[in-house]
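> I have a structure here, written as structure tokens, and I will follow up with some questions on it.
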Amino acid sequence: MRTARNAVYVRRGRLPSGLWDVAAFGDDSAEDGSIREGGPVPDHEAAWSVGEATDALARVTIGRYLLPEQPELWYVWVDEPKAPKPATNLVAFGGDRFAPGTIVSRYAFATAGVPNGEQAGAVRWYPGGGLVHQIFVAPEWRRRFVASTLLYTADAFHQANGWEGKLHGDGRRTALGQMFMAGLRHPNRARQLTEEMPPMDPAEEAEALRRSRE
């Protein structure tokens, strides 16, 4: 199975919702994040693909070769178009209220009967370029590949919307974030560490670092 560092996005048309029918494929012969309009689809498994969901905004499928033990999560899209720097979020939940990989609107979530406090994690990024701002994983969901699943799903949603650029990180990270980035399959998507940021929750991060070194 391919373990390429670079990814190419293949757009295969539009879904009925208006989102792009798009999939990502590992391809080190192409510039990372390049887009192909139509044309032949590579003959190996997609890193991820976006499909239509009649009960939701979209459904994202992540290749098992990327995350063999990926958690079964569904997501709520929370947009922030009026923020000082427009941002967008995916908030992840476990459970069977929606099929794994499903992305629903905040309005659908409001009638789903799921408490907001049950979230497994969240990722916030800037659609104007793809810079990831924050990743959060609830303590009870850590060490279960939630952050990786969130990033791949966010990358897919970013491309399905046709937003500029690709998901990537800058050089500012917490100590726990640095450990996570060091283990990514695509480390070229994050700059070298330039500034260590304070943890969002010092006690929780200290415990997570301790457990990661056991």
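How things are named: the first chain in the structure tokens is A, the next is B, and so on; residues count from 1 in each chain; ligands count from 1 in the order shown.
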Enumerate as a list in words all residues of stretch 81-177 of chain A assigned to helix (DSSP H, G or I) by DSSP on the backbone, naming them with the chain letters and numbers the document uses.
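Helix (DSSP H, G or I) assignments inside stretch 81-177 of chain A correspond to Arg106, Tyr107, Ala108, Phe109, Ala110, Asn116, Gly117, Glu118, Pro139, Glu140, Trp141, Val146, Ala147, Ser148, Thr149, Leu150, Leu151, Tyr152, Thr153, Ala154, Asp155, Ala156, Phe157, His158, Gln159, Ala160, Ala175, Leu176 and Gly177 of chain A.
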> Using only N, CA and C atoms, please write the residues we just selected to a file, as a PDB file, in the first residue's frame.

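To be explicit, this is the file written out as out_15.pdb:
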ATOM      1  N   ARG A 106     -24.701  22.479  12.119  1.00  0.00           N
ATOM      2  CA  ARG A 106     -25.030  22.752  13.526  1.00  0.00           C
ATOM      3  C   ARG A 106     -26.539  22.692  13.753  1.00  0.00           C
ATOM      4  N   TYR A 107     -27.306  22.947  12.711  1.00  0.00           N
ATOM      5  CA  TYR A 107     -28.768  22.911  12.844  1.00  0.00           C
ATOM      6  C   TYR A 107     -29.254  21.467  12.970  1.00  0.00           C
ATOM      7  N   ALA A 108     -28.644  20.558  12.191  1.00  0.00           N
ATOM      8  CA  ALA A 108     -28.983  19.143  12.324  1.00  0.00           C
ATOM      9  C   ALA A 108     -28.566  18.629  13.700  1.00  0.00           C
ATOM     10  N   PHE A 109     -27.426  19.099  14.189  1.00  0.00           N
ATOM     11  CA  PHE A 109     -26.950  18.675  15.500  1.00  0.00           C
ATOM     12  C   PHE A 109     -27.911  19.132  16.597  1.00  0.00           C
ATOM     13  N   ALA A 110     -28.481  20.308  16.440  1.00  0.00           N
ATOM     14  CA  ALA A 110     -29.364  20.866  17.469  1.00  0.00           C
ATOM     15  C   ALA A 110     -30.583  19.994  17.711  1.00  0.00           C
ATOM     16  N   ASN A 116     -23.625  18.457  23.894  1.00  0.00           N
ATOM     17  CA  ASN A 116     -22.379  19.010  23.376  1.00  0.00           C
ATOM     18  C   ASN A 116     -21.174  18.535  24.179  1.00  0.00           C
ATOM     19  N   GLY A 117     -21.377  18.250  25.467  1.00  0.00           N
ATOM     20  CA  GLY A 117     -20.278  17.817  26.322  1.00  0.00           C
ATOM     21  C   GLY A 117     -19.743  16.441  25.995  1.00  0.00           C
ATOM     22  N   GLU A 118     -20.384  15.720  25.098  1.00  0.00           N
ATOM     23  CA  GLU A 118     -19.929  14.380  24.733  1.00  0.00           C
ATOM     24  C   GLU A 118     -18.939  14.376  23.573  1.00  0.00           C
ATOM     25  N   PRO A 139      -9.889  14.030  27.024  1.00  0.00           N
ATOM     26  CA  PRO A 139      -8.995  13.087  27.718  1.00  0.00           C
ATOM     27  C   PRO A 139      -9.384  11.624  27.539  1.00  0.00           C
ATOM     28  N   GLU A 140     -10.667  11.316  27.596  1.00  0.00           N
ATOM     29  CA  GLU A 140     -11.090   9.916  27.501  1.00  0.00           C
ATOM     30  C   GLU A 140     -10.963   9.348  26.087  1.00  0.00           C
ATOM     31  N   TRP A 141     -10.696  10.203  25.113  1.00  0.00           N
ATOM     32  CA  TRP A 141     -10.546   9.761  23.728  1.00  0.00           C
ATOM     33  C   TRP A 141      -9.100   9.759  23.257  1.00  0.00           C
ATOM     34  N   VAL A 146      -7.761   9.959  17.355  1.00  0.00           N
ATOM     35  CA  VAL A 146      -8.797  10.951  17.103  1.00  0.00           C
ATOM     36  C   VAL A 146      -8.224  12.164  16.370  1.00  0.00           C
ATOM     37  N   ALA A 147      -7.071  12.657  16.797  1.00  0.00           N
ATOM     38  CA  ALA A 147      -6.494  13.847  16.161  1.00  0.00           C
ATOM     39  C   ALA A 147      -6.170  13.586  14.692  1.00  0.00           C
ATOM     40  N   SER A 148      -5.593  12.427  14.390  1.00  0.00           N
ATOM     41  CA  SER A 148      -5.283  12.094  12.996  1.00  0.00           C
ATOM     42  C   SER A 148      -6.559  11.993  12.171  1.00  0.00           C
ATOM     43  N   THR A 149      -7.580  11.354  12.721  1.00  0.00           N
ATOM     44  CA  THR A 149      -8.852  11.218  12.011  1.00  0.00           C
ATOM     45  C   THR A 149      -9.471  12.585  11.763  1.00  0.00           C
ATOM     46  N   LEU A 150      -9.396  13.465  12.751  1.00  0.00           N
ATOM     47  CA  LEU A 150      -9.905  14.821  12.586  1.00  0.00           C
ATOM     48  C   LEU A 150      -9.191  15.563  11.465  1.00  0.00           C
ATOM     49  N   LEU A 151      -7.874  15.458  11.421  1.00  0.00           N
ATOM     50  CA  LEU A 151      -7.117  16.192  10.407  1.00  0.00           C
ATOM     51  C   LEU A 151      -7.407  15.696   8.999  1.00  0.00           C
ATOM     52  N   TYR A 152      -7.468  14.386   8.813  1.00  0.00           N
ATOM     53  CA  TYR A 152      -7.786  13.866   7.482  1.00  0.00           C
ATOM     54  C   TYR A 152      -9.196  14.267   7.066  1.00  0.00           C
ATOM     55  N   THR A 153     -10.142  14.214   7.999  1.00  0.00           N
ATOM     56  CA  THR A 153     -11.513  14.588   7.675  1.00  0.00           C
ATOM     57  C   THR A 153     -11.611  16.075   7.366  1.00  0.00           C
ATOM     58  N   ALA A 154     -10.897  16.900   8.135  1.00  0.00           N
ATOM     59  CA  ALA A 154     -10.892  18.338   7.872  1.00  0.00           C
ATOM     60  C   ALA A 154     -10.260  18.647   6.521  1.00  0.00           C
ATOM     61  N   ASP A 155      -9.190  17.943   6.173  1.00  0.00           N
ATOM     62  CA  ASP A 155      -8.553  18.133   4.880  1.00  0.00           C
ATOM     63  C   ASP A 155      -9.533  17.803   3.759  1.00  0.00           C
ATOM     64  N   ALA A 156     -10.281  16.700   3.931  1.00  0.00           N
ATOM     65  CA  ALA A 156     -11.273  16.307   2.931  1.00  0.00           C
ATOM     66  C   ALA A 156     -12.372  17.360   2.802  1.00  0.00           C
ATOM     67  N   PHE A 157     -12.867  17.858   3.932  1.00  0.00           N
ATOM     68  CA  PHE A 157     -13.944  18.854   3.898  1.00  0.00           C
ATOM     69  C   PHE A 157     -13.450  20.161   3.284  1.00  0.00           C
ATOM     70  N   HIS A 158     -12.222  20.521   3.579  1.00  0.00           N
ATOM     71  CA  HIS A 158     -11.612  21.728   3.005  1.00  0.00           C
ATOM     72  C   HIS A 158     -11.606  21.635   1.476  1.00  0.00           C
ATOM     73  N   GLN A 159     -11.160  20.496   0.961  1.00  0.00           N
ATOM     74  CA  GLN A 159     -11.088  20.318  -0.486  1.00  0.00           C
ATOM     75  C   GLN A 159     -12.469  20.181  -1.105  1.00  0.00           C
ATOM     76  N   ALA A 160     -13.405  19.540  -0.401  1.00  0.00           N
ATOM     77  CA  ALA A 160     -14.755  19.386  -0.938  1.00  0.00           C
ATOM     78  C   ALA A 160     -15.431  20.740  -1.130  1.00  0.00           C
ATOM     79  N   ALA A 175       3.892  21.152  23.657  1.00  0.00           N
ATOM     80  CA  ALA A 175       4.769  19.980  23.716  1.00  0.00           C
ATOM     81  C   ALA A 175       4.033  18.738  23.229  1.00  0.00           C
ATOM     82  N   LEU A 176       2.771  18.598  23.624  1.00  0.00           N
ATOM     83  CA  LEU A 176       1.983  17.456  23.183  1.00  0.00           C
ATOM     84  C   LEU A 176       1.713  17.533  21.679  1.00  0.00           C
ATOM     85  N   GLY A 177       1.471  18.745  21.192  1.00  0.00           N
ATOM     86  CA  GLY A 177       1.272  18.923  19.759  1.00  0.00           C
ATOM     87  C   GLY A 177       2.510  18.571  18.962  1.00  0.00           C
TER      88      GLY A 177
END
> Please provide the set of residues having any atom within 12 Å of A:Glu164, restricted to only C-alpha atoms, with same-chain residues fewer than 3 positions apart removed, written as a list of chain:residue names.
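Surrounding residues, per the criterion: A:Gly33, A:Ser34, A:Ile35, A:Tyr126, A:Pro127, A:Gly128, A:Gly129, A:Gly130, A:Leu131, A:Asp155, A:Phe157, A:His158, A:Gln159, A:Ala160, A:Asn161, A:Leu167, A:His168.
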> Quick one: of A:Trp74, A:Trp48, A:Phe98, A:Phe93, who's nearest to A:Gly26, counting only C-alpha atoms?
A:Trp48
> Residues near A:Ala122, anyone? I mean within 8 Å using only C-alpha atoms, not counting same-chain ones fewer than 3 positions away, as a VMD selection string.
chain A and resid 89 to 92 119 135 to 137 150
> Now that the selection is made, can you save its residues with N, CA and C atoms as an mmCIF file, in the first residue's frame?

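And here is the file that came out, selection-v5.cif:
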data_model
loop_
_atom_site.group_PDB
_atom_site.id
_atom_site.type_symbol
_atom_site.label_atom_id
_atom_site.label_comp_id
_atom_site.auth_asym_id
_atom_site.auth_seq_id
_atom_site.Cartn_x
_atom_site.Cartn_y
_atom_site.Cartn_z
ATOM 1 N N ASN A 89 -14.663 24.981 11.841
ATOM 2 C CA ASN A 89 -14.388 23.910 12.795
ATOM 3 C C ASN A 89 -15.132 22.643 12.420
ATOM 4 N N LEU A 90 -14.537 21.510 12.777
ATOM 5 C CA LEU A 90 -15.247 20.246 12.823
ATOM 6 C C LEU A 90 -15.163 19.742 14.254
ATOM 7 N N VAL A 91 -16.312 19.434 14.832
ATOM 8 C CA VAL A 91 -16.388 18.902 16.184
ATOM 9 C C VAL A 91 -16.783 17.436 16.080
ATOM 10 N N ALA A 92 -15.977 16.553 16.668
ATOM 11 C CA ALA A 92 -16.170 15.109 16.512
ATOM 12 C C ALA A 92 -16.931 14.511 17.686
ATOM 13 N N GLN A 119 -18.483 15.559 23.165
ATOM 14 C CA GLN A 119 -17.578 15.607 22.016
ATOM 15 C C GLN A 119 -16.272 14.878 22.303
ATOM 16 N N ILE A 135 -6.108 21.941 17.659
ATOM 17 C CA ILE A 135 -6.655 20.588 17.690
ATOM 18 C C ILE A 135 -6.869 20.235 19.153
ATOM 19 N N PHE A 136 -8.042 19.706 19.447
ATOM 20 C CA PHE A 136 -8.366 19.301 20.815
ATOM 21 C C PHE A 136 -8.904 17.883 20.795
ATOM 22 N N VAL A 137 -8.451 17.069 21.773
ATOM 23 C CA VAL A 137 -8.986 15.723 21.956
ATOM 24 C C VAL A 137 -9.364 15.569 23.421
ATOM 25 N N LEU A 150 -9.396 13.465 12.751
ATOM 26 C CA LEU A 150 -9.905 14.821 12.586
ATOM 27 C C LEU A 150 -9.191 15.563 11.465
#
> Go through A:Tyr9, A:Tyr65, A:Trp163, A:Trp20 one by one, measure the shortest atom-to-atom distance of each to A:Pro42 using only C-alpha atoms, and give the residue with the smallest value.
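Closest to A:Pro42 of all the choices is A:Tyr9.
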> List as a PyMOL selection string the protein and nucleic acid residues near stretch 51-58 of chain A, meaning an atom at most 8 Å away when only C-alpha atoms are counted, but skip any in the same chain fewer than 3 places from it.
chain A and resi 15-17+21+61+102-105+108
> For the selection just defined, write its residues with N, CA and C atoms to a file, as a PDB file, in the first residue's frame.

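Here's the written file result-v6.pdb:
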ATOM      1  N   LEU A  15     -20.970  17.002  -6.369  1.00  0.00           N
ATOM      2  CA  LEU A  15     -22.022  16.221  -5.737  1.00  0.00           C
ATOM      3  C   LEU A  15     -23.324  17.011  -5.802  1.00  0.00           C
ATOM      4  N   PRO A  16     -24.480  16.366  -5.630  1.00  0.00           N
ATOM      5  CA  PRO A  16     -25.758  17.099  -5.649  1.00  0.00           C
ATOM      6  C   PRO A  16     -25.803  18.261  -4.658  1.00  0.00           C
ATOM      7  N   SER A  17     -25.062  18.156  -3.558  1.00  0.00           N
ATOM      8  CA  SER A  17     -25.038  19.220  -2.553  1.00  0.00           C
ATOM      9  C   SER A  17     -24.285  20.451  -3.020  1.00  0.00           C
ATOM     10  N   ASP A  21     -16.902  16.390  -5.555  1.00  0.00           N
ATOM     11  CA  ASP A  21     -16.651  14.948  -5.432  1.00  0.00           C
ATOM     12  C   ASP A  21     -15.149  14.804  -5.603  1.00  0.00           C
ATOM     13  N   THR A  61     -14.705   9.118   3.841  1.00  0.00           N
ATOM     14  CA  THR A  61     -14.144   7.789   4.087  1.00  0.00           C
ATOM     15  C   THR A  61     -12.633   7.897   4.065  1.00  0.00           C
ATOM     16  N   THR A 102     -19.728  10.935   8.802  1.00  0.00           N
ATOM     17  CA  THR A 102     -20.775  11.877   8.424  1.00  0.00           C
ATOM     18  C   THR A 102     -20.493  13.264   8.997  1.00  0.00           C
ATOM     19  N   ILE A 103     -20.698  14.285   8.181  1.00  0.00           N
ATOM     20  CA  ILE A 103     -20.563  15.676   8.613  1.00  0.00           C
ATOM     21  C   ILE A 103     -21.934  16.326   8.532  1.00  0.00           C
ATOM     22  N   VAL A 104     -22.427  16.833   9.667  1.00  0.00           N
ATOM     23  CA  VAL A 104     -23.746  17.467   9.710  1.00  0.00           C
ATOM     24  C   VAL A 104     -23.603  18.946  10.059  1.00  0.00           C
ATOM     25  N   SER A 105     -24.639  19.705   9.779  1.00  0.00           N
ATOM     26  CA  SER A 105     -24.653  21.119  10.132  1.00  0.00           C
ATOM     27  C   SER A 105     -24.964  21.291  11.613  1.00  0.00           C
ATOM     28  N   ALA A 108     -28.644  20.558  12.191  1.00  0.00           N
ATOM     29  CA  ALA A 108     -28.983  19.143  12.324  1.00  0.00           C
ATOM     30  C   ALA A 108     -28.566  18.629  13.700  1.00  0.00           C
TER      31      ALA A 108
END
> Please provide the set of residues having any atom within 10 Å of A:Arg64, restricted to only C-alpha atoms, with same-chain residues fewer than 5 positions apart removed, written as a PyMOL selection string.
chain A and resi 45-48+69-70
> Quick one: residues within 6 Å of A:Val60, only C-alpha atoms counted, chain neighbours fewer than 3 positions away excluded, as a PyMOL selection string?
chain A and resi 49-50+101
> Generate a file of the selected residues that holds N, CA and C atoms, formatted as a PDB file, in the first residue's frame.

ATOM      1  N   SER A  49     -11.807  10.008   0.669  1.00  0.00           N
ATOM      2  CA  SER A  49     -12.727  10.410  -0.388  1.00  0.00           C
ATOM      3  C   SER A  49     -13.966  11.020   0.241  1.00  0.00           C
ATOM      4  N   VAL A  50     -14.605  11.902  -0.505  1.00  0.00           N
ATOM      5  CA  VAL A  50     -15.813  12.580  -0.041  1.00  0.00           C
ATOM      6  C   VAL A  50     -16.989  12.084  -0.859  1.00  0.00           C
ATOM      7  N   GLY A 101     -17.933   9.086   9.760  1.00  0.00           N
ATOM      8  CA  GLY A 101     -17.512   9.939   8.660  1.00  0.00           C
ATOM      9  C   GLY A 101     -18.521  10.986   8.235  1.00  0.00           C
TER      10      GLY A 101
END
> Just the strand (DSSP E) stuff from stretch 48-195 of chain A, please, per backbone DSSP, written as a tab-separated table (two decimals) with C-alpha atoms, in the first residue's frame.

chain	number	residue	atom	x	y	z
A	48	TRP	CA	-9.66	9.73	1.73
A	49	SER	CA	-12.73	10.41	-0.39
A	50	VAL	CA	-15.81	12.58	-0.04
A	51	GLY	CA	-19.23	11.18	-0.86
A	58	ALA	CA	-21.19	14.94	3.27
A	59	ARG	CA	-19.58	11.66	4.28
A	60	VAL	CA	-15.81	11.18	4.41
A	61	THR	CA	-14.14	7.79	4.09
A	62	ILE	CA	-10.52	7.47	5.22
A	74	TRP	CA	-19.14	11.75	13.06
A	75	TYR	CA	-18.79	15.54	12.91
A	76	VAL	CA	-20.57	18.85	13.29
A	77	TRP	CA	-19.48	21.71	11.05
A	78	VAL	CA	-19.30	25.00	12.94
A	79	ASP	CA	-18.36	27.94	10.73
A	80	GLU	CA	-17.00	31.29	11.96
A	87	ALA	CA	-12.30	30.24	10.63
A	88	THR	CA	-14.13	26.94	10.52
A	89	ASN	CA	-14.39	23.91	12.79
A	90	LEU	CA	-15.25	20.25	12.82
A	91	VAL	CA	-16.39	18.90	16.18
A	92	ALA	CA	-16.17	15.11	16.51
A	93	PHE	CA	-18.55	12.80	18.35
A	102	THR	CA	-20.77	11.88	8.42
A	103	ILE	CA	-20.56	15.68	8.61
A	104	VAL	CA	-23.75	17.47	9.71
A	105	SER	CA	-24.65	21.12	10.13
A	119	GLN	CA	-17.58	15.61	22.02
A	120	ALA	CA	-14.50	13.50	21.34
A	121	GLY	CA	-12.44	16.33	19.90
A	122	ALA	CA	-12.35	19.28	17.53
A	123	VAL	CA	-10.15	20.94	14.94
A	124	ARG	CA	-10.22	24.63	14.02
A	125	TRP	CA	-8.58	25.98	10.89
A	129	GLY	CA	-5.19	28.97	3.08
A	130	GLY	CA	-5.72	25.91	5.28
A	131	LEU	CA	-3.65	26.79	8.35
A	132	VAL	CA	-4.66	24.67	11.34
A	133	HIS	CA	-5.18	26.81	14.44
A	134	GLN	CA	-6.10	24.29	17.16
A	135	ILE	CA	-6.65	20.59	17.69
A	136	PHE	CA	-8.37	19.30	20.81
A	137	VAL	CA	-8.99	15.72	21.96
A	165	GLY	CA	-4.65	25.73	-0.20
A	166	LYS	CA	-4.27	22.56	1.84
A	167	LEU	CA	-4.36	21.82	5.56
A	168	HIS	CA	-1.00	22.50	7.19
A	172	ARG	CA	3.91	27.03	16.94
A	173	ARG	CA	2.85	24.00	18.99
A	195	GLU	CA	7.78	28.39	19.32
> Quick check, in Å to one decimal: how far apart do atom CA of A:Val10 and atom CA of A:Glu37 lie?
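It comes out at 6.2 Å.
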> Could you check how far atom CA of A:Gly113 sits from atom CA of A:Glu72, in Å to one decimal?
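Spanning atom CA of A:Gly113 to atom CA of A:Glu72 is a straight-line distance of 18.4 Å.
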> Pick the closest to A:Ala99 from A:Arg14, A:Ala138, A:Leu73, A:Val22: which is it, counting only C-alpha atoms?
A:Leu73
> Please, what distance in Å, to one decimal, runs between atom CA of A:Ala23 and atom CA of A:His44?
11.6 Å
